[in-house]
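K.L.:
Enclosed is the structure file run-v5.cif (mmCIF, C-alpha atoms and all ligand atoms).
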data_query
#
loop_
_atom_site.label_atom_id
_atom_site.label_comp_id
_atom_site.auth_asym_id
_atom_site.auth_seq_id
_atom_site.Cartn_x
_atom_site.Cartn_y
_atom_site.Cartn_z
CA MET G 1 -2.94 8.89 34.72
CA THR G 2 -3.51 11.53 32.06
CA GLN G 3 -6.43 11.41 29.68
CA SER G 4 -5.46 9.53 26.52
CA LYS G 5 -7.43 10.16 23.38
CA HIS G 6 -8.77 7.53 21.01
CA LEU G 7 -6.07 6.51 18.57
CA PRO G 8 -6.93 5.52 15.02
CA GLY G 9 -6.21 2.06 13.78
CA GLY G 10 -6.82 -0.67 16.29
CA PRO G 11 -5.74 -1.81 19.73
CA GLN G 12 -2.09 -2.61 19.02
CA VAL G 13 -1.10 1.06 19.44
CA HIS G 14 -2.23 2.22 22.87
CA TYR G 15 -1.15 4.03 26.02
CA GLU G 16 -0.13 2.07 29.08
CA ALA G 17 0.67 4.16 32.18
CA ASP G 18 1.06 7.25 29.97
CA GLU G 19 3.58 5.56 27.65
CA LEU G 20 2.71 4.76 24.05
CA MET G 21 3.04 1.06 23.35
CA MET G 22 3.08 -1.06 20.21
CA GLU G 23 1.61 -4.36 21.39
CA GLY G 24 3.71 -5.12 24.52
CA VAL G 25 6.69 -2.95 23.59
CA SER G 26 7.38 0.62 24.74
CA LEU G 27 7.97 2.86 21.74
CA LYS G 28 10.25 5.08 23.83
CA GLU G 29 12.48 2.10 24.48
CA MET G 30 12.49 1.40 20.74
CA ALA G 31 13.53 5.00 20.04
CA GLN G 32 16.30 4.76 22.62
CA ALA G 33 17.53 1.43 21.26
CA HIS G 34 17.41 2.22 17.53
CA GLY G 35 17.38 6.02 17.21
CA THR G 36 14.92 8.13 15.23
CA PRO G 37 13.21 8.52 12.85
CA LEU G 38 12.10 4.93 13.27
CA PHE G 39 9.26 2.95 11.75
CA VAL G 40 7.74 0.39 14.09
CA TYR G 41 5.19 -2.17 12.89
CA SER G 42 2.83 -4.51 14.71
CA LYS G 43 2.81 -8.10 13.48
CA ALA G 44 -0.53 -8.75 15.20
CA SER G 45 -2.12 -5.78 13.46
CA MET G 46 -0.99 -6.97 10.01
CA LEU G 47 -2.15 -10.50 10.65
CA SER G 48 -5.52 -9.39 11.96
CA ALA G 49 -5.99 -7.20 8.87
CA LEU G 50 -5.16 -10.20 6.69
CA LYS G 51 -7.49 -12.43 8.70
CA SER G 52 -10.37 -10.08 8.02
CA TYR G 53 -9.98 -10.81 4.29
CA GLN G 54 -9.47 -14.51 4.89
CA ASP G 55 -12.57 -14.69 7.12
CA GLY G 56 -14.56 -13.01 4.35
CA PHE G 57 -13.31 -15.67 1.93
CA VAL G 58 -14.33 -18.78 3.91
CA GLY G 59 -16.09 -21.26 1.62
CA ARG G 60 -14.97 -19.34 -1.48
CA HIS G 61 -12.11 -19.57 -3.93
CA ALA G 62 -10.39 -16.30 -3.17
CA ARG G 63 -6.85 -15.24 -2.40
CA VAL G 64 -5.05 -12.12 -1.22
CA HIS G 65 -2.17 -10.93 -3.38
CA TYR G 66 -0.51 -8.30 -1.21
CA ALA G 67 0.23 -5.11 -3.21
CA MET G 68 3.76 -4.69 -1.93
CA LYS G 69 4.10 -1.14 -3.15
CA ALA G 70 2.41 -0.20 0.14
CA ASN G 71 5.36 -1.55 2.12
CA SER G 72 7.87 -3.85 0.51
CA SER G 73 10.19 -4.56 3.44
CA LEU G 74 11.36 -8.14 3.16
CA ALA G 75 10.29 -9.22 6.65
CA ILE G 76 6.76 -8.00 5.94
CA LEU G 77 6.67 -9.90 2.66
CA GLN G 78 7.87 -13.01 4.49
CA LEU G 79 5.08 -12.61 7.01
CA PHE G 80 2.39 -12.39 4.34
CA ALA G 81 3.89 -15.22 2.27
CA ARG G 82 3.91 -17.46 5.35
CA HIS G 83 0.23 -16.70 5.87
CA GLY G 84 -0.85 -17.72 2.40
CA CYS G 85 -0.61 -14.54 0.34
CA GLY G 86 0.51 -14.14 -3.21
CA PHE G 87 1.86 -10.76 -4.35
CA ASP G 88 0.89 -7.97 -6.69
CA ILE G 89 4.02 -6.38 -8.15
CA VAL G 90 4.65 -3.40 -10.41
CA SER G 91 8.34 -3.68 -11.26
CA ILE G 92 11.08 -6.22 -11.66
CA GLY G 93 12.58 -4.87 -8.44
CA GLU G 94 9.44 -6.04 -6.66
CA LEU G 95 9.77 -9.45 -8.34
CA GLU G 96 13.32 -9.64 -6.98
CA ARG G 97 11.89 -9.02 -3.53
CA VAL G 98 9.50 -11.97 -3.93
CA LYS G 99 12.49 -14.10 -4.94
CA ALA G 100 14.53 -12.79 -2.02
CA VAL G 101 11.97 -14.08 0.49
CA GLY G 102 11.60 -17.40 -1.33
CA ALA G 103 7.85 -16.92 -1.92
CA ASP G 104 5.92 -18.75 -4.63
CA LEU G 105 6.54 -16.99 -7.96
CA GLY G 106 3.49 -18.77 -9.31
CA LEU G 107 1.38 -16.53 -7.07
CA VAL G 108 2.68 -13.27 -8.50
CA ILE G 109 0.54 -10.84 -10.46
CA PHE G 110 2.28 -8.14 -12.47
CA SER G 111 0.35 -4.84 -12.67
CA GLY G 112 1.35 -1.43 -14.00
CA VAL G 113 1.00 0.65 -17.17
CA GLY G 114 4.61 0.69 -18.30
CA LYS G 115 6.15 -2.77 -18.09
CA THR G 116 9.35 -2.88 -20.14
CA ARG G 117 10.33 -5.75 -22.44
CA THR G 118 13.08 -6.70 -20.02
CA GLU G 119 10.62 -6.82 -17.15
CA ILE G 120 8.14 -8.85 -19.17
CA ARG G 121 10.87 -11.31 -20.18
CA GLN G 122 12.10 -11.78 -16.62
CA ALA G 123 8.59 -12.21 -15.25
CA LEU G 124 7.79 -14.79 -17.94
CA GLN G 125 10.96 -16.69 -17.17
CA ALA G 126 10.09 -16.61 -13.48
CA GLY G 127 6.72 -18.25 -14.23
CA ILE G 128 4.38 -15.67 -12.69
CA LEU G 129 0.63 -16.26 -12.43
CA CYS G 130 -0.56 -13.40 -14.60
CA PHE G 131 0.19 -10.07 -16.28
CA ASN G 132 -2.50 -7.45 -15.80
CA VAL G 133 -2.51 -5.82 -19.22
CA GLU G 134 -3.26 -2.11 -19.48
CA SER G 135 -3.35 -1.43 -23.27
CA VAL G 136 -3.43 -3.01 -26.73
CA ALA G 137 0.17 -1.93 -27.31
CA GLU G 138 1.29 -3.66 -24.11
CA LEU G 139 -0.61 -6.83 -25.01
CA ASP G 140 1.19 -6.95 -28.36
CA VAL G 141 4.59 -6.50 -26.70
CA ILE G 142 3.85 -9.25 -24.16
CA ASN G 143 2.86 -11.52 -27.06
CA GLU G 144 6.10 -10.77 -28.93
CA VAL G 145 8.28 -11.40 -25.89
CA ALA G 146 6.43 -14.64 -25.13
CA LEU G 147 6.91 -15.86 -28.72
CA GLU G 148 10.65 -15.05 -28.53
CA LEU G 149 10.82 -17.30 -25.45
CA SER G 150 8.51 -19.95 -26.97
CA LYS G 151 6.13 -19.43 -24.08
CA LYS G 152 2.54 -18.42 -23.60
CA ALA G 153 2.03 -15.38 -21.39
CA PRO G 154 -0.88 -15.61 -18.95
CA ILE G 155 -2.87 -12.37 -19.01
CA SER G 156 -5.84 -10.50 -17.59
CA VAL G 157 -7.06 -7.24 -19.03
CA ARG G 158 -7.32 -4.39 -16.56
CA VAL G 159 -10.64 -2.74 -17.22
CA ASN G 160 -11.26 0.86 -16.36
CA PRO G 161 -14.87 0.69 -15.13
CA ASN G 162 -15.33 4.49 -14.99
CA VAL G 163 -16.47 4.44 -11.37
CA ASP G 164 -15.82 7.29 -8.95
CA PRO G 165 -14.16 5.81 -5.86
CA GLN G 166 -14.81 9.07 -3.93
CA THR G 167 -11.22 9.45 -2.84
CA HIS G 168 -8.30 11.85 -3.40
CA PRO G 169 -7.89 12.57 -7.15
CA TYR G 170 -4.23 11.45 -7.09
CA ILE G 171 -5.23 7.99 -5.89
CA SER G 172 -8.39 7.40 -7.93
CA THR G 173 -7.55 5.21 -10.87
CA GLY G 174 -10.79 3.87 -12.33
CA LEU G 175 -12.12 7.03 -13.96
CA LYS G 176 -12.04 7.79 -17.69
CA GLY G 177 -9.44 10.53 -17.36
CA ASN G 178 -6.91 8.21 -15.67
CA LYS G 179 -3.95 6.61 -17.41
CA PHE G 180 -4.96 3.21 -16.08
CA GLY G 181 -6.70 0.28 -17.69
CA VAL G 182 -8.63 -0.29 -20.89
CA ALA G 183 -11.90 1.61 -21.41
CA HIS G 184 -14.94 -0.50 -20.58
CA GLU G 185 -16.27 -0.17 -24.12
CA ASP G 186 -12.98 -1.29 -25.74
CA THR G 187 -12.51 -4.37 -23.58
CA LEU G 188 -14.42 -6.91 -25.64
CA LYS G 189 -12.42 -6.03 -28.77
CA LEU G 190 -9.20 -6.46 -26.83
CA TYR G 191 -10.18 -9.94 -25.63
CA GLN G 192 -11.04 -10.91 -29.21
CA HIS G 193 -7.64 -9.63 -30.32
CA ALA G 194 -5.90 -11.47 -27.45
CA GLN G 195 -7.56 -14.69 -28.60
CA THR G 196 -5.79 -14.45 -31.94
CA LEU G 197 -2.30 -14.09 -30.41
CA GLN G 198 -0.19 -17.26 -30.24
CA GLY G 199 1.91 -16.05 -27.32
CA ILE G 200 -1.05 -15.18 -25.10
CA GLU G 201 -3.12 -17.30 -22.75
CA ILE G 202 -6.20 -15.49 -21.43
CA LYS G 203 -6.58 -16.09 -17.71
CA GLY G 204 -8.88 -13.49 -16.26
CA ILE G 205 -10.11 -9.96 -15.93
CA ASP G 206 -8.93 -7.26 -13.57
CA CYS G 207 -9.91 -3.87 -12.24
CA HIS G 208 -8.62 -1.51 -9.57
CA ILE G 209 -10.58 1.68 -9.03
CA GLY G 210 -8.46 3.60 -6.55
CA SER G 211 -7.12 3.72 -3.05
CA GLN G 212 -8.29 4.75 0.44
CA ILE G 213 -11.90 3.88 -0.47
CA THR G 214 -14.09 4.02 2.63
CA SER G 215 -17.43 2.61 1.45
CA VAL G 216 -18.68 -0.51 -0.31
CA GLY G 217 -20.73 1.37 -2.94
CA PRO G 218 -17.98 2.08 -5.49
CA TYR G 219 -16.87 -1.57 -5.31
CA VAL G 220 -20.41 -2.81 -5.99
CA ASP G 221 -20.68 -0.47 -8.98
CA ALA G 222 -17.30 -1.57 -10.34
CA MET G 223 -18.12 -5.23 -9.72
CA ASN G 224 -21.38 -5.00 -11.65
CA LYS G 225 -19.62 -3.37 -14.57
CA VAL G 226 -16.87 -5.97 -14.57
CA LEU G 227 -19.38 -8.82 -14.35
CA ASP G 228 -21.32 -7.36 -17.31
CA LEU G 229 -18.09 -7.69 -19.23
CA VAL G 230 -17.44 -11.21 -17.95
CA ASP G 231 -20.92 -12.18 -19.23
CA ALA G 232 -20.13 -10.71 -22.63
CA ILE G 233 -16.60 -12.16 -22.86
CA GLU G 234 -17.77 -15.65 -21.93
CA GLN G 235 -20.57 -15.42 -24.48
CA LEU G 236 -17.78 -15.19 -27.05
CA GLY G 237 -16.56 -18.56 -25.80
CA ILE G 238 -13.61 -17.13 -23.85
CA ARG G 239 -13.51 -18.66 -20.37
CA LEU G 240 -12.05 -16.53 -17.58
CA SER G 241 -10.55 -18.56 -14.79
CA HIS G 242 -10.22 -15.68 -12.35
CA ILE G 243 -11.66 -12.27 -11.59
CA ASP G 244 -9.34 -9.75 -9.92
CA PHE G 245 -10.96 -6.83 -8.09
CA GLY G 246 -7.73 -5.01 -7.19
CA GLY G 247 -7.11 -3.32 -3.88
CA GLY G 248 -8.16 0.03 -2.52
CA LEU G 249 -9.88 -0.55 0.81
CA GLY G 250 -9.19 2.42 3.10
CA ILE G 251 -7.99 2.66 6.69
CA GLN G 252 -8.55 5.05 9.56
CA TYR G 253 -6.25 8.08 9.60
CA LYS G 254 -8.61 10.43 11.44
CA ALA G 255 -12.36 9.81 11.67
CA GLU G 256 -12.91 7.59 8.63
CA HIS G 257 -14.90 4.43 9.20
CA PRO G 258 -14.08 2.09 6.33
CA PRO G 259 -15.88 -1.26 6.36
CA SER G 260 -13.86 -4.25 7.51
CA ALA G 261 -12.60 -6.44 4.67
CA GLN G 262 -14.74 -9.25 6.02
CA HIS G 263 -17.91 -7.14 5.93
CA MET G 264 -17.12 -5.71 2.53
CA TRP G 265 -16.48 -9.10 1.00
CA GLY G 266 -19.67 -10.40 2.60
CA GLU G 267 -21.53 -7.73 0.61
CA LEU G 268 -19.55 -8.32 -2.56
CA PHE G 269 -20.05 -12.08 -2.49
CA LYS G 270 -23.81 -11.40 -2.34
CA VAL G 271 -23.43 -9.63 -5.70
CA LEU G 272 -21.23 -12.42 -7.05
CA ASP G 273 -23.73 -15.07 -5.88
CA GLN G 274 -26.68 -13.23 -7.41
CA ARG G 275 -24.88 -13.08 -10.71
CA GLY G 276 -23.69 -16.68 -10.64
CA TYR G 277 -20.01 -16.04 -10.01
CA GLY G 278 -19.83 -16.86 -6.28
CA GLN G 279 -17.62 -19.90 -6.79
CA ARG G 280 -15.27 -18.35 -9.35
CA GLN G 281 -11.59 -17.83 -8.40
CA ILE G 282 -11.42 -14.32 -6.96
CA ILE G 283 -8.21 -12.34 -6.54
CA VAL G 284 -7.72 -9.18 -4.50
CA GLU G 285 -4.69 -6.91 -4.36
CA PRO G 286 -4.88 -4.97 -1.09
CA GLY G 287 -1.95 -2.93 0.13
CA ARG G 288 -2.84 -0.15 2.54
CA SER G 289 -5.58 -2.04 4.41
CA LEU G 290 -3.09 -4.79 5.36
CA VAL G 291 -0.27 -2.62 6.69
CA GLY G 292 -1.37 1.02 7.02
CA ASN G 293 -2.66 1.00 10.57
CA ALA G 294 0.05 -1.43 11.70
CA GLY G 295 2.86 1.12 11.53
CA VAL G 296 3.98 4.26 13.32
CA CYS G 297 6.90 6.58 12.68
CA VAL G 298 8.67 7.60 15.88
CA SER G 299 10.51 10.91 15.80
CA GLU G 300 12.35 13.15 18.26
CA VAL G 301 11.42 16.78 18.84
CA GLN G 302 14.45 18.89 17.89
CA TYR G 303 13.23 22.45 18.42
CA LEU G 304 10.11 24.36 19.39
CA LYS G 305 10.00 27.59 17.42
CA PRO G 306 7.33 30.11 18.37
CA GLY G 307 6.26 32.49 15.59
CA GLU G 308 3.92 35.41 15.13
CA GLN G 309 1.41 33.43 13.10
CA LYS G 310 2.44 29.86 13.77
CA ASN G 311 4.38 27.83 16.26
CA PHE G 312 6.58 25.16 14.81
CA CYS G 313 7.48 21.83 16.31
CA ILE G 314 10.55 20.74 14.37
CA ILE G 315 11.09 17.00 14.48
CA ASP G 316 13.73 14.70 12.99
CA ALA G 317 11.32 12.96 10.59
CA ALA G 318 10.59 14.74 7.33
CA MET G 319 8.89 14.57 3.95
CA ASN G 320 11.61 12.22 2.73
CA ASP G 321 10.58 9.68 5.39
CA LEU G 322 6.85 10.22 5.16
CA PRO G 323 5.87 12.03 1.96
CA ARG G 324 2.08 11.62 2.16
CA PRO G 325 1.28 15.00 3.80
CA ALA G 326 3.48 16.89 1.31
CA MET G 327 2.17 14.93 -1.70
CA TYR G 328 -1.53 14.60 -0.94
CA GLU G 329 -2.07 16.91 2.02
CA ALA G 330 -2.78 13.65 3.83
CA PHE G 331 -3.65 13.69 7.52
CA HIS G 332 -1.69 11.51 9.94
CA GLU G 333 -2.44 11.67 13.66
CA ILE G 334 0.60 12.79 15.69
CA VAL G 335 0.79 11.95 19.40
CA PRO G 336 3.44 12.18 22.11
CA LEU G 337 5.13 8.97 23.24
CA THR G 338 4.70 10.10 26.85
CA LEU G 339 1.55 11.82 28.11
CA HIS G 340 2.13 14.80 30.43
CA GLU G 341 -0.24 17.02 32.40
CA ARG G 342 1.90 20.14 31.80
CA THR G 343 0.27 23.40 30.73
CA PRO G 344 -0.01 25.24 28.49
CA VAL G 345 -0.33 22.81 25.61
CA GLY G 346 1.05 24.27 22.40
CA VAL G 347 -0.56 24.33 18.98
CA PHE G 348 2.08 23.60 16.39
CA ASP G 349 2.73 22.96 12.78
CA VAL G 350 4.79 19.79 12.98
CA VAL G 351 7.56 20.07 10.40
CA GLY G 352 10.78 18.36 9.36
CA PRO G 353 14.24 19.83 8.77
CA ILE G 354 14.09 19.71 4.94
CA CYS G 355 14.52 22.96 3.04
CA GLU G 356 11.00 23.13 1.60
CA SER G 357 7.86 24.77 2.93
CA GLY G 358 6.07 21.59 1.86
CA ASP G 359 8.04 19.65 4.44
CA TRP G 360 5.28 19.32 7.01
CA LEU G 361 3.81 16.33 8.80
CA GLY G 362 0.82 17.97 10.45
CA HIS G 363 -0.82 21.40 10.68
CA ASP G 364 -2.25 23.02 13.81
CA ARG G 365 -1.71 20.12 16.18
CA SER G 366 -2.21 20.44 19.93
CA LEU G 367 0.83 18.78 21.42
CA ASN G 368 2.19 18.61 24.92
CA VAL G 369 5.85 18.04 24.06
CA GLN G 370 9.26 19.47 24.82
CA VAL G 371 12.61 19.31 23.06
CA GLY G 372 14.20 15.87 23.32
CA GLU G 373 10.85 14.12 23.77
CA HIS G 374 9.31 11.94 21.10
CA VAL G 375 6.18 11.86 18.99
CA ALA G 376 4.63 9.06 16.94
CA ILE G 377 3.10 9.69 13.54
CA LEU G 378 0.32 7.13 13.29
CA SER G 379 -1.14 5.03 10.46
CA ALA G 380 2.31 5.08 8.87
CA GLY G 381 2.61 1.46 7.78
CA ALA G 382 1.58 2.02 4.15
CA TYR G 383 3.08 4.28 1.49
CA CYS G 384 5.53 5.88 3.92
CA MET G 385 8.74 3.84 4.07
CA SER G 386 8.09 2.53 0.56
CA MET G 387 7.82 6.11 -0.76
CA SER G 388 10.75 7.47 1.23
CA SER G 389 13.70 9.11 -0.51
CA ASN G 390 17.19 10.41 0.15
CA TYR G 391 16.26 14.06 -0.45
CA ASN G 392 18.68 16.37 1.36
CA THR G 393 21.03 13.35 1.58
CA ARG G 394 19.02 12.02 4.46
CA GLY G 395 19.39 8.32 5.12
CA ARG G 396 16.28 6.19 5.13
CA ALA G 397 14.89 5.36 8.56
CA ALA G 398 15.31 2.04 10.35
CA GLU G 399 12.39 -0.38 10.74
CA VAL G 400 11.39 -2.64 13.62
CA LEU G 401 8.74 -5.36 13.75
CA VAL G 402 7.06 -5.94 17.10
CA ASP G 403 5.58 -9.30 18.04
CA GLY G 404 3.95 -9.30 21.48
CA SER G 405 6.62 -8.20 23.92
CA SER G 406 9.54 -8.85 21.57
CA SER G 407 10.88 -6.81 18.70
CA GLN G 408 13.26 -7.26 15.81
CA LEU G 409 15.17 -4.75 13.71
CA ILE G 410 14.08 -5.59 10.15
CA ARG G 411 15.95 -2.80 8.39
CA LYS G 412 19.06 -0.99 9.52
CA ARG G 413 19.25 2.77 9.33
CA GLU G 414 20.78 3.83 6.02
CA SER G 415 24.18 5.47 6.47
CA THR G 416 25.58 8.22 4.30
CA GLN G 417 28.15 5.67 3.13
CA ASP G 418 25.26 3.48 1.90
CA GLN G 419 24.03 6.43 -0.12
CA LEU G 420 27.39 7.41 -1.61
CA HIS G 421 28.61 4.02 -2.67
CA LEU G 422 27.02 4.10 -6.16
CA GLU G 423 28.48 7.48 -7.02
CA ARG G 424 31.82 8.12 -8.76
CA LEU G 425 34.08 11.16 -8.57
CA LEU G 426 35.21 12.79 -11.81
CA ASP G 427 38.31 11.24 -13.38
N1 LIG N 1 -3.46 -2.83 -7.25
C1 LIG N 1 -3.08 -1.84 -8.07
C2 LIG N 1 -3.08 -2.07 -9.51
C3 LIG N 1 -2.70 -0.60 -7.55
O1 LIG N 1 -2.35 0.39 -8.36
C4 LIG N 1 -2.71 -0.39 -6.15
C5 LIG N 1 -2.30 0.89 -5.57
C6 LIG N 1 -3.09 -1.47 -5.32
C7 LIG N 1 -3.47 -2.67 -5.90
C8 LIG N 1 -3.14 -1.35 -3.83
O2 LIG N 1 -4.05 -0.40 -3.44
P1 LIG N 1 -4.36 -0.18 -1.88
O3 LIG N 1 -5.07 -1.43 -1.37
O4 LIG N 1 -3.08 0.03 -1.19
O5 LIG N 1 -5.24 1.02 -1.84
N2 LIG N 1 0.68 6.47 -2.52
C9 LIG N 1 -0.74 6.63 -2.37
C10 LIG N 1 -1.50 5.38 -2.76
C11 LIG N 1 -1.21 4.92 -4.17
C12 LIG N 1 -1.92 3.66 -4.55
C13 LIG N 1 -1.36 3.13 -5.84
N3 LIG N 1 -1.94 1.90 -6.27
C14 LIG N 1 -1.03 7.02 -0.92
O6 LIG N 1 -0.10 7.16 -0.15
O7 LIG N 1 -2.18 7.25 -0.55
#
Translate this file's structure into structure tokens.
Ligand code: LLP

P.N.:
Amino acid sequence: MTQSKHLPGGPQVHYEADELMMEGVSLKEMAQAHGTPLFVYSKASMLSALKSYQDGFVGRHARVHYAMKANSSLAILQLFARHGCGFDIVSIGELERVKAVGADLGLVIFSGVGKTRTEIRQALQAGILCFNVESVAELDVINEVALELSKKAPISVRVNPNVDPQTHPYISTGLKGNKFGVAHEDTLKLYQHAQTLQGIEIKGIDCHIGSQITSVGPYVDAMNKVLDLVDAIEQLGIRLSHIDFGGGLGIQYKAEHPPSAQHMWGELFKVLDQRGYGQRQIIVEPGRSLVGNAGVCVSEVQYLKPGEQKNFCIIDAAMNDLPRPAMYEAFHEIVPLTLHERTPVGVFDVVGPICESGDWLGHDRSLNVQVGEHVAILSAGAYCMSMSSNYNTRGRAAEVLVDGSSSQLIRKRESTQDQLHLERLLD
């Protein structure tokens, strides 16, 4: 057997007799059965990630509201709904997804800086749990829409705690220069204003400081700032029934060692206990940490192209399938589906077929692969399929969910016909 290296993200993705497996299923067989590029997800990995939160919440009043922007495939939403999750949504399209899987609309939280009146109206009619409000102007619009419908809109204010989450600038959201949330120092005024509005029912407080956070420190800082505000708000006689700490916990892409959700929440509940809030209703909105390490993208090697400065390994997945490297220079491990002892091993830039220099999946990767063989791009469960596009008129990939030794196609490959059917020729 050849030497297999440590793979990021848990035991569900592993080599067995030189073949890469997802749980008990051969990824090569998946590629042969469904074609490539193909996303394959591990049910066990998602459920164990969820369990880590739930174990951290034992004896508390706390619930996971899955931030479906990370991966909104219906089967995945069904899985989380069946295991007790509510959802964090950011558009009416995402609300429609909750409806499509028959999940409890009363466990939906609506985040986002730009909710339209139509979206607010539909969410109110659906009876969601709470709107996370991001500005005074938005609060006033929610109030107006609620009054038009003779309803009261449940709200939390999203506070911007001005904490550095020590992550990529594009995915840090709790700093002063970000478009998100209400400045810490303006929050009290906003709650006082909310109290005067007939269409508003104050439910809680919310913050989300960023994504791919790999240490507990920024959360503790944010939590202390939010709890200072809770103290002040409740001194005004406004009772907050829940506190929402957002999402953001990171995963392993390369050599990161983020805390487990269970460990992190152990630490955070110490802070909550010290400050007298340990039995308050807590809400979290994780996305990436529930699905990121559970997914891989399987792709076929099309060409090996040696160059003077670089060798290219051209595969059939591209930036439209997996935009994170192009957008954030994000690192995803890339490994062959079959391990070989052949020499020499090439060092390649792994790229897609799209007509952009930014269409790369990995730089300077040592890979022992030949044309017609397959690679897997790892840690691809979050913000890959959900951020995919049709650029270059490429159809979106298919998706498969693996459960032990069985697998199910959960999304068919998008055909060109699927893409063209909304378009109209000139009269
Ligand atoms: N709640 C709110 C209000 C959010 O904005 C987000 C993510 C989450 C929860 C979930 O955060 P998570 O647990 O997944 O870190 N596309 C980027 C990540 C963007 C995150 C946007 N907001 C990436 O691929 O790294």

K.L.:
Between G:Ser260, G:Asn71, G:Thr338, G:Thr118, which is the closest to ligand LIG 1 (chain N) once you count all atoms listed in the file?

P.N.:
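Under the stated criterion, the closest residue is G:Asn71.
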
K.L.:
Please, which residues have at least one atom within 7 Å of an atom of ligand LIG 1 (chain N), using only C-alpha atoms and all ligand atoms, listed as a PyMOL selection string?

P.N.:
chain G and resi 67+70+88+111-112+171+208+210-212+246-250+285-289+324+382-383

K.L.:
Could you name the residues that touch Pro323 of chain G at 10 Å or less, counting only C-alpha atoms, but leaving out those on the same chain fewer than 6 positions away, as a list in words?

P.N.:
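In the requested form, the answer reads Glu329, Ala330, Gly358, Asp359, Trp360, Leu361, Tyr383, Cys384, Met385, Ser386, Met387, Ser388 and Ser389 of chain G.
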
K.L.:
Point out the residue among G:Val145, G:Val230, G:Val284, G:Ala397 with the least atom-to-atom distance to Ile200 of chain G, counting all atoms listed in the file.

P.N.:
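Selected residue with least distance to Ile200 of chain G: G:Val145.
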
K.L.:
Looking at all atoms listed in the file, which of G:Met22, G:Leu124, G:Val157, G:Leu38 is the one that sits closest to Ala318 of chain G?

P.N.:
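That would be G:Leu38, the residue with the smallest distance to Ala318 of chain G.
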
K.L.:
Give me the residues of segment 107-211 of chain G that have any atom at most 9 Å from an atom of segment 240-245 of chain G; for each, the nearest atom pair and the distance in Å, rounded to one decimal. Use all atoms listed in the file, sort by chain and number, and format it as a Markdown table.

P.N.:
| residue | atom | partner | partner_atom | distance |
| --- | --- | --- | --- | --- |
| G:Ser156 | CA | G:Asp244 | CA | 8.5 |
| G:Arg158 | CA | G:Asp244 | CA | 8.8 |
| G:Ile202 | CA | G:Leu240 | CA | 7.1 |
| G:Lys203 | CA | G:Leu240 | CA | 5.5 |
| G:Gly204 | CA | G:Leu240 | CA | 4.6 |
| G:Ile205 | CA | G:Ile243 | CA | 5.2 |
| G:Asp206 | CA | G:Asp244 | CA | 4.4 |
| G:Cys207 | CA | G:Phe245 | CA | 5.2 |
| G:His208 | CA | G:Phe245 | CA | 6.0 |
| G:Ile209 | CA | G:Phe245 | CA | 8.6 |

K.L.:
Output C-alpha atoms for every residue in the selection just made, as a PDB file, in the coordinates of the input.

P.N.:
ATOM      1  CA  SER G 156      -5.840 -10.500 -17.590  1.00  0.00           C
ATOM      2  CA  ARG G 158      -7.320  -4.390 -16.560  1.00  0.00           C
ATOM      3  CA  ILE G 202      -6.200 -15.490 -21.430  1.00  0.00           C
ATOM      4  CA  LYS G 203      -6.580 -16.090 -17.710  1.00  0.00           C
ATOM      5  CA  GLY G 204      -8.880 -13.490 -16.260  1.00  0.00           C
ATOM      6  CA  ILE G 205     -10.110  -9.960 -15.930  1.00  0.00           C
ATOM      7  CA  ASP G 206      -8.930  -7.260 -13.570  1.00  0.00           C
ATOM      8  CA  CYS G 207      -9.910  -3.870 -12.240  1.00  0.00           C
ATOM      9  CA  HIS G 208      -8.620  -1.510  -9.570  1.00  0.00           C
ATOM     10  CA  ILE G 209     -10.580   1.680  -9.030  1.00  0.00           C
TER      11      ILE G 209
END

K.L.:
Can you tell me how far atom CA of Ile283 of chain G sits from atom CA of Phe110 of chain G, in Å to one decimal?

P.N.:
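Between atom CA of Ile283 of chain G and atom CA of Phe110 of chain G the gap works out to 12.8 Å.
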
K.L.:
Mind giving me the straight-line distance from atom CA of Gly199 of chain G to atom CA of Leu149 of chain G in Å, one decimal?

P.N.:
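The value is 9.2 Å.
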
K.L.:
Using only C-alpha atoms, which protein or nucleic acid residues come within 12 Å of Val98 of chain G? Drop anything in the same chain fewer than 3 positions from it, and give the result as a ChimeraX atom specification.

P.N.:
/G:65-68,72-81,85-95,101-110,123,126,128

K.L.:
Which value, in Å to one decimal, gives the distance between atom CA of Glu16 of chain G and atom CA of Tyr53 of chain G?

P.N.:
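Computing the Euclidean distance for atom CA of Glu16 of chain G and atom CA of Tyr53 of chain G yields 29.6 Å.
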